[in-house]
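J.: The following file, structure.txt, comprises compact mmCIF, C-alpha atoms:
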# COMPACT_ATOMS: atom_id res chain seq x y z
CA SER K 186 5.39 -7.52 -30.74
CA SER K 187 6.39 -5.62 -27.61
CA ASN K 188 9.73 -3.88 -27.24
CA PRO K 189 11.69 -5.48 -24.34
CA ASN K 190 13.69 -2.27 -23.90
CA ARG K 191 10.63 -0.07 -23.57
CA ASP K 192 10.30 1.75 -20.25
CA PRO K 193 6.95 0.51 -18.82
CA ARG K 194 6.45 3.73 -16.91
CA PRO K 195 4.20 6.44 -18.41
CA ASP K 196 5.81 9.12 -20.54
CA PRO K 197 6.63 11.99 -18.14
CA LYS K 198 6.17 14.54 -20.93
CA PRO K 199 2.63 15.98 -20.94
CA HIS K 200 0.40 15.23 -23.90
CA HIS K 201 -2.36 17.36 -25.38
CA ASN K 202 -4.97 15.10 -23.78
CA CYS K 203 -3.18 14.63 -20.44
CA HIS K 204 -5.86 16.64 -18.63
CA PHE K 205 -8.37 13.96 -19.58
CA PHE K 206 -6.27 10.85 -19.03
CA CYS K 207 -3.79 11.82 -16.30
CA ARG K 208 -6.11 12.24 -13.37
CA TYR K 209 -4.86 11.30 -9.94
CA LEU K 210 -7.05 8.23 -9.43
CA TRP K 211 -7.87 7.25 -12.98
CA GLY K 212 -9.62 3.86 -12.75
CA LEU K 213 -8.79 3.18 -9.09
CA PRO K 214 -11.60 1.72 -6.94
CA VAL K 215 -12.31 3.78 -3.80
CA LEU K 216 -14.54 3.06 -0.81
CA ILE K 217 -16.55 5.83 0.87
CA LYS K 218 -17.29 6.07 4.59
CA ASP K 219 -21.01 5.84 5.28
CA THR K 220 -21.05 9.31 6.80
CA GLN K 221 -20.44 10.77 3.33
CA ALA K 222 -23.22 10.89 0.77
CA VAL K 223 -23.01 9.21 -2.62
CA ALA K 224 -25.83 10.20 -4.96
CA GLY K 225 -28.21 7.31 -5.55
CA VAL K 226 -26.64 5.06 -2.89
CA THR K 227 -28.11 4.26 0.54
CA PHE K 228 -26.71 6.67 3.15
CA THR K 229 -27.33 5.32 6.66
CA ALA K 230 -24.61 6.85 8.87
CA GLY K 231 -24.87 3.52 10.69
CA SER K 232 -28.36 4.25 11.99
CA ALA K 233 -31.62 2.36 11.47
CA ILE K 234 -33.30 5.78 11.37
CA PHE K 235 -31.73 6.34 7.95
CA LYS K 236 -31.83 2.78 6.61
CA ASP K 237 -33.88 3.88 3.57
CA ARG K 238 -32.24 7.27 2.97
CA VAL K 239 -30.93 7.75 -0.57
CA PRO K 240 -29.35 11.16 -1.27
CA GLU K 241 -29.67 12.94 -4.60
CA VAL K 242 -26.38 14.84 -4.26
CA SER K 243 -22.91 13.53 -3.43
CA ASP K 244 -20.70 14.86 -0.67
CA PRO K 245 -17.88 17.18 -1.87
CA VAL K 246 -15.32 14.48 -1.04
CA VAL K 247 -17.07 12.08 -3.42
CA VAL K 248 -17.29 14.76 -6.10
CA GLN K 249 -13.52 15.33 -5.81
CA ILE K 250 -12.76 11.61 -6.04
CA GLU K 251 -14.93 11.05 -9.10
CA ALA K 252 -13.68 14.23 -10.78
CA GLN K 253 -10.14 12.83 -10.50
CA GLY K 254 -11.08 9.51 -12.08
CA GLY K 255 -11.71 7.42 -8.96
CA ILE K 256 -14.40 4.75 -9.10
CA VAL K 257 -16.65 4.64 -6.04
CA CYS K 258 -17.27 0.92 -5.52
CA GLY K 259 -18.98 0.83 -2.13
CA LYS K 260 -19.61 2.27 1.34
CA THR K 261 -17.81 1.34 4.56
CA ASN K 262 -19.31 0.54 7.94
CA VAL K 263 -19.44 2.95 10.90
CA PRO K 264 -20.85 2.99 14.43
CA GLU K 265 -24.21 4.74 14.67
CA PHE K 266 -23.72 8.39 13.66
CA ALA K 267 -19.95 7.70 13.76
CA ALA K 268 -20.09 8.07 17.53
CA GLY K 269 -17.63 5.54 18.88
CA SER K 270 -14.16 4.02 18.69
CA GLN K 271 -15.53 0.69 17.44
CA CYS K 272 -17.59 -0.31 14.40
CA PHE K 273 -20.95 -1.94 15.09
CA ASN K 274 -24.57 -0.89 14.58
CA GLU K 275 -28.05 -2.38 14.20
CA LEU K 276 -27.93 -2.53 10.40
CA TYR K 277 -24.79 -4.42 9.45
CA PRO K 278 -22.44 -7.08 10.88
CA THR K 279 -19.73 -5.85 13.25
CA THR K 280 -16.53 -4.80 11.48
CA VAL K 281 -13.41 -6.47 12.89
CA SER K 282 -9.67 -6.36 12.35
CA PRO K 283 -8.63 -8.62 9.46
CA TYR K 284 -5.54 -9.57 11.47
CA ASP K 285 -7.58 -10.99 14.34
CA ILE K 286 -11.35 -11.24 13.94
CA ARG K 287 -11.74 -11.44 17.72
CA THR K 288 -10.71 -7.79 17.93
CA THR K 289 -12.23 -4.51 16.84
CA ALA K 290 -11.16 -2.54 13.78
CA GLY K 291 -11.53 0.67 15.79
CA GLY K 292 -13.74 3.56 14.83
CA SER K 293 -15.37 5.38 13.59
CA SER K 294 -13.67 4.76 10.22
CA GLY K 295 -13.25 1.09 11.10
CA GLY K 296 -14.91 -0.15 7.93
CA ALA K 297 -12.42 1.79 5.83
CA ALA K 298 -9.39 0.51 7.76
CA SER K 299 -10.56 -3.10 7.74
CA ALA K 300 -11.26 -3.00 3.99
CA LEU K 301 -7.84 -1.56 3.25
CA SER K 302 -5.96 -4.05 5.40
CA SER K 303 -7.83 -6.97 3.83
CA ARG K 304 -6.76 -5.71 0.38
CA GLN K 305 -10.24 -4.88 -0.89
CA VAL K 306 -9.17 -1.49 -2.27
CA TRP K 307 -6.16 0.84 -2.36
CA LEU K 308 -7.92 3.91 -0.96
CA ALA K 309 -10.84 4.65 1.36
CA SER K 310 -12.27 7.90 2.68
CA GLY K 311 -12.90 8.61 6.34
CA SER K 312 -13.45 11.40 8.81
CA ASP K 313 -11.92 12.37 12.15
CA LEU K 314 -13.02 14.31 15.21
CA GLY K 315 -11.16 12.67 18.07
CA GLY K 316 -9.27 9.87 16.35
CA SER K 317 -11.73 8.34 13.89
CA LEU K 318 -9.12 8.09 11.12
CA ARG K 319 -6.03 7.58 13.26
CA THR K 320 -7.28 4.91 15.65
CA PRO K 321 -8.65 2.45 13.04
CA ALA K 322 -5.51 2.91 10.93
CA ALA K 323 -3.37 1.97 13.94
CA PHE K 324 -5.60 -0.99 14.83
CA CYS K 325 -5.56 -2.38 11.28
CA GLY K 326 -2.01 -1.63 10.17
CA CYS K 327 -2.70 1.02 7.54
CA VAL K 328 -2.20 4.80 7.31
CA GLY K 329 -4.58 7.63 8.14
CA PHE K 330 -4.38 11.12 9.60
CA ARG K 331 -6.59 14.03 10.54
CA PRO K 332 -6.16 16.93 8.07
CA THR K 333 -6.42 20.52 9.24
CA PRO K 334 -10.13 21.50 9.33
CA GLY K 335 -11.01 23.35 6.14
CA ARG K 336 -8.18 21.78 4.12
CA ILE K 337 -10.59 19.38 2.41
CA PRO K 338 -13.93 20.67 1.06
CA LYS K 339 -16.99 19.45 2.90
CA SER K 340 -20.68 20.17 3.06
CA GLY K 341 -21.55 23.04 5.35
CA PRO K 342 -23.89 22.56 8.32
CA ALA K 343 -27.48 22.65 7.20
CA LYS K 344 -29.73 25.48 8.30
CA SER K 345 -32.40 24.23 10.71
CA GLU K 346 -36.09 25.04 10.26
CA THR K 347 -36.11 27.22 13.40
CA GLU K 348 -32.91 29.09 12.60
CA SER K 349 -33.02 32.54 11.02
CA GLU K 350 -30.53 33.78 8.43
CA SER K 351 -29.03 36.15 11.01
CA GLU K 352 -28.52 33.27 13.45
CA VAL K 353 -26.76 31.29 10.75
CA GLY K 354 -24.50 34.27 10.10
CA ASN K 355 -23.69 34.60 13.81
CA ARG K 356 -22.51 31.02 14.18
CA SER K 357 -19.02 30.45 15.52
CA PRO K 358 -16.43 30.31 12.70
CA PHE K 359 -15.56 26.85 14.01
CA TYR K 360 -19.14 25.58 13.68
CA GLY K 361 -19.14 22.38 11.67
CA LEU K 362 -15.36 22.34 11.26
CA HIS K 363 -14.32 20.21 14.22
CA SER K 364 -14.87 16.95 12.38
CA THR K 365 -12.93 16.82 9.14
CA ASP K 366 -12.94 14.39 6.22
CA GLY K 367 -9.67 12.73 5.32
CA PRO K 368 -7.82 9.96 3.49
CA MET K 369 -6.83 6.42 4.46
CA ALA K 370 -4.51 4.10 2.55
CA ARG K 371 -2.03 1.24 2.95
CA SER K 372 1.10 3.31 2.39
CA VAL K 373 2.26 6.89 2.92
CA THR K 374 2.76 7.34 -0.85
CA ASP K 375 -0.82 6.29 -1.57
CA LEU K 376 -2.05 8.48 1.27
CA GLY K 377 -0.27 11.51 -0.21
CA LEU K 378 -1.80 10.86 -3.62
CA PHE K 379 -5.25 10.60 -2.07
CA MET K 380 -4.75 13.72 0.04
CA ASP K 381 -3.79 15.70 -3.07
CA THR K 382 -6.92 14.38 -4.76
CA LEU K 383 -9.18 15.48 -1.92
CA CYS K 384 -7.51 18.91 -1.80
CA SER K 385 -7.70 19.21 -5.60
CA ARG K 386 -4.12 20.42 -6.00
CA ALA K 387 -3.99 19.60 -9.71
CA ALA K 388 -2.23 22.84 -10.56
CA ALA K 389 0.57 22.19 -8.05
CA LEU K 390 1.43 18.52 -8.70
CA GLN K 391 1.09 16.38 -11.79
CA PRO K 392 0.03 12.72 -11.50
CA THR K 393 3.16 11.67 -13.40
CA GLU K 394 5.25 12.78 -10.42
CA TYR K 395 3.82 9.79 -8.59
CA MET K 396 3.55 7.49 -11.59
CA ASN K 397 7.27 7.79 -12.45
CA ASN K 398 8.48 6.76 -9.01
CA ASP K 399 10.98 3.90 -9.24
CA GLU K 400 9.23 2.12 -6.36
CA LEU K 401 5.57 2.30 -7.25
CA SER K 402 3.48 1.51 -4.21
CA ASP K 403 1.78 -1.87 -4.16
CA GLY K 404 -0.08 -0.96 -0.98
CA GLY K 405 2.14 -3.24 1.14
Could you render the structure from this file as structure tokens?
T.:
Amino acid sequence: SSNPNRDPRPDPKPHHNCHFFCRYLWGLPVLIKDTQAVAGVTFTAGSAIFKDRVPEVSDPVVVQIEAQGGIVCGKTNVPEFAAGSQCFNELYPTTVSPYDIRTTAGGSSGGAASALSSRQVWLASGSDLGGSLRTPAAFCGCVGFRPTPGRIPKSGPAKSETESESEVGNRSPFYGLHSTDGPMARSVTDLGLFMDTLCSRAAALQPTEYMNNDELSDGG
């Protein structure tokens, strides 16, 4: 029988197998923006041009999430090539705000924001150049922000067929850094946990620091 006086919170003292079990997102379902590759899953970027594209390698953001125990359970909708502050394309139905389906969820991470606000998941990845995390979060009543470029690992810009190695080396240091991947959640606490996951700060903070909070976030 269970002990009624037992503290239901996890033991804050580390165990010999804590590295295996105490990962930031252990068992949590996470949605991935369809501008980030998931190995073996259709990767359209919202464009009919890529409707049949299936990558063999996951984006670094996805690698971080899965390494910390997160379960990738789907992809979220975006405008074509993530170019827009709305969320419609030729492939999928238009994404709307769950609070008023007559209105837009914003963009380009509108699919992530709409899914979070409709309680489909606790966490969803996004990206931001000129508001693509912040605007949908504001439109859908959740939390998102644009991290400093370079704070979260991302795939580098691919070398084109006509580009020499010297030309690649002479690129601006800001090339490919203007748009940055980032987290979205339903609360600031959840957002902080997700941000730490994406930055892989395992040596700085232990998951139990979040797990032992007296007011565990329910995403509300």
J.: For each of K:Met369, K:Ala233, K:Val263, K:Val223, take the minimum atom-to-atom distance to Gln249 (chain K), counting all atoms listed in the file, then give the residue where this is smallest.
T.: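 Result for the nearest residue to Gln249 (chain K): K:Val223.
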J.: Kindly extract all protein, DNA and RNA residues lying within 12 Å of the coordinates (-7.5, 15.8, 0.9) given in the file, considering only C-alpha atoms, and supply them as a ChimeraX atom specification.
T.: /K:245-247,249-250,309-312,329-339,365-369,375-387
J.: Restricting the output to C-alpha atoms, write the selected residues as a compact mmCIF listing (two decimals), in the frame of the given file.
T.:
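The resulting selection20.txt:
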# COMPACT_ATOMS: atom_id res chain seq x y z
CA PRO K 245 -17.88 17.18 -1.87
CA VAL K 246 -15.32 14.48 -1.04
CA VAL K 247 -17.07 12.08 -3.42
CA GLN K 249 -13.52 15.33 -5.81
CA ILE K 250 -12.76 11.61 -6.04
CA ALA K 309 -10.84 4.65 1.36
CA SER K 310 -12.27 7.90 2.68
CA GLY K 311 -12.90 8.61 6.34
CA SER K 312 -13.45 11.40 8.81
CA GLY K 329 -4.58 7.63 8.14
CA PHE K 330 -4.38 11.12 9.60
CA ARG K 331 -6.59 14.03 10.54
CA PRO K 332 -6.16 16.93 8.07
CA THR K 333 -6.42 20.52 9.24
CA PRO K 334 -10.13 21.50 9.33
CA GLY K 335 -11.01 23.35 6.14
CA ARG K 336 -8.18 21.78 4.12
CA ILE K 337 -10.59 19.38 2.41
CA PRO K 338 -13.93 20.67 1.06
CA LYS K 339 -16.99 19.45 2.90
CA THR K 365 -12.93 16.82 9.14
CA ASP K 366 -12.94 14.39 6.22
CA GLY K 367 -9.67 12.73 5.32
CA PRO K 368 -7.82 9.96 3.49
CA MET K 369 -6.83 6.42 4.46
CA ASP K 375 -0.82 6.29 -1.57
CA LEU K 376 -2.05 8.48 1.27
CA GLY K 377 -0.27 11.51 -0.21
CA LEU K 378 -1.80 10.86 -3.62
CA PHE K 379 -5.25 10.60 -2.07
CA MET K 380 -4.75 13.72 0.04
CA ASP K 381 -3.79 15.70 -3.07
CA THR K 382 -6.92 14.38 -4.76
CA LEU K 383 -9.18 15.48 -1.92
CA CYS K 384 -7.51 18.91 -1.80
CA SER K 385 -7.70 19.21 -5.60
CA ARG K 386 -4.12 20.42 -6.00
CA ALA K 387 -3.99 19.60 -9.71
J.: Could you please determine the separation between CA of Ser299 (chain K) and CA of Val242 (chain K) in Å, to one decimal place?
T.: 26.8 Å
J.: Out of K:Ala268, K:Ala290, K:Val306, K:Val226, which residue has the shortest atom-to-atom distance to Ala322 (chain K) when counting only C-alpha atoms?
T.: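 Of the candidates, the smallest distance to Ala322 (chain K) is held by K:Ala290.
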J.: When you draw a straight line from CA of Val328 (chain K) to CA of Gly225 (chain K), how long is it in Å?
T.: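 If I compute the distance from CA of Val328 (chain K) to CA of Gly225 (chain K), I get 29.1 Å.
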J.: Around (-28.8, 3.4, 6.9) in the file's own coordinates, what residues are found within 10 Å if you use all atoms listed in the file, given back as a PDB file with C-alpha atoms, in the frame of the given file?
T.:
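Dumped to out_36.pdb:
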ATOM      1  CA  ASP K 219     -21.010   5.840   5.280  1.00  0.00           C
ATOM      2  CA  THR K 220     -21.050   9.310   6.800  1.00  0.00           C
ATOM      3  CA  THR K 227     -28.110   4.260   0.540  1.00  0.00           C
ATOM      4  CA  PHE K 228     -26.710   6.670   3.150  1.00  0.00           C
ATOM      5  CA  THR K 229     -27.330   5.320   6.660  1.00  0.00           C
ATOM      6  CA  ALA K 230     -24.610   6.850   8.870  1.00  0.00           C
ATOM      7  CA  GLY K 231     -24.870   3.520  10.690  1.00  0.00           C
ATOM      8  CA  SER K 232     -28.360   4.250  11.990  1.00  0.00           C
ATOM      9  CA  ALA K 233     -31.620   2.360  11.470  1.00  0.00           C
ATOM     10  CA  ILE K 234     -33.300   5.780  11.370  1.00  0.00           C
ATOM     11  CA  PHE K 235     -31.730   6.340   7.950  1.00  0.00           C
ATOM     12  CA  LYS K 236     -31.830   2.780   6.610  1.00  0.00           C
ATOM     13  CA  ASP K 237     -33.880   3.880   3.570  1.00  0.00           C
ATOM     14  CA  ARG K 238     -32.240   7.270   2.970  1.00  0.00           C
ATOM     15  CA  VAL K 239     -30.930   7.750  -0.570  1.00  0.00           C
ATOM     16  CA  ASN K 262     -19.310   0.540   7.940  1.00  0.00           C
ATOM     17  CA  GLU K 265     -24.210   4.740  14.670  1.00  0.00           C
ATOM     18  CA  PHE K 266     -23.720   8.390  13.660  1.00  0.00           C
ATOM     19  CA  ASN K 274     -24.570  -0.890  14.580  1.00  0.00           C
ATOM     20  CA  GLU K 275     -28.050  -2.380  14.200  1.00  0.00           C
ATOM     21  CA  LEU K 276     -27.930  -2.530  10.400  1.00  0.00           C
ATOM     22  CA  TYR K 277     -24.790  -4.420   9.450  1.00  0.00           C
TER      23      TYR K 277
END
J.: Check the smallest atom-to-atom distance from each of K:Ser282, K:Ser294, K:Thr288, K:Ser364 to Cys325 (chain K) using all atoms listed in the file, then report the winner.
T.: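 The shortest atom-to-atom distance to Cys325 (chain K) comes from K:Ser282.
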J.: As an exercise, work out the distance from CA of Pro264 (chain K) to CA of Glu251 (chain K) in Å and give it to one decimal place.
T.: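 Pair CA of Pro264 (chain K) / CA of Glu251 (chain K) returns 25.6 Å.
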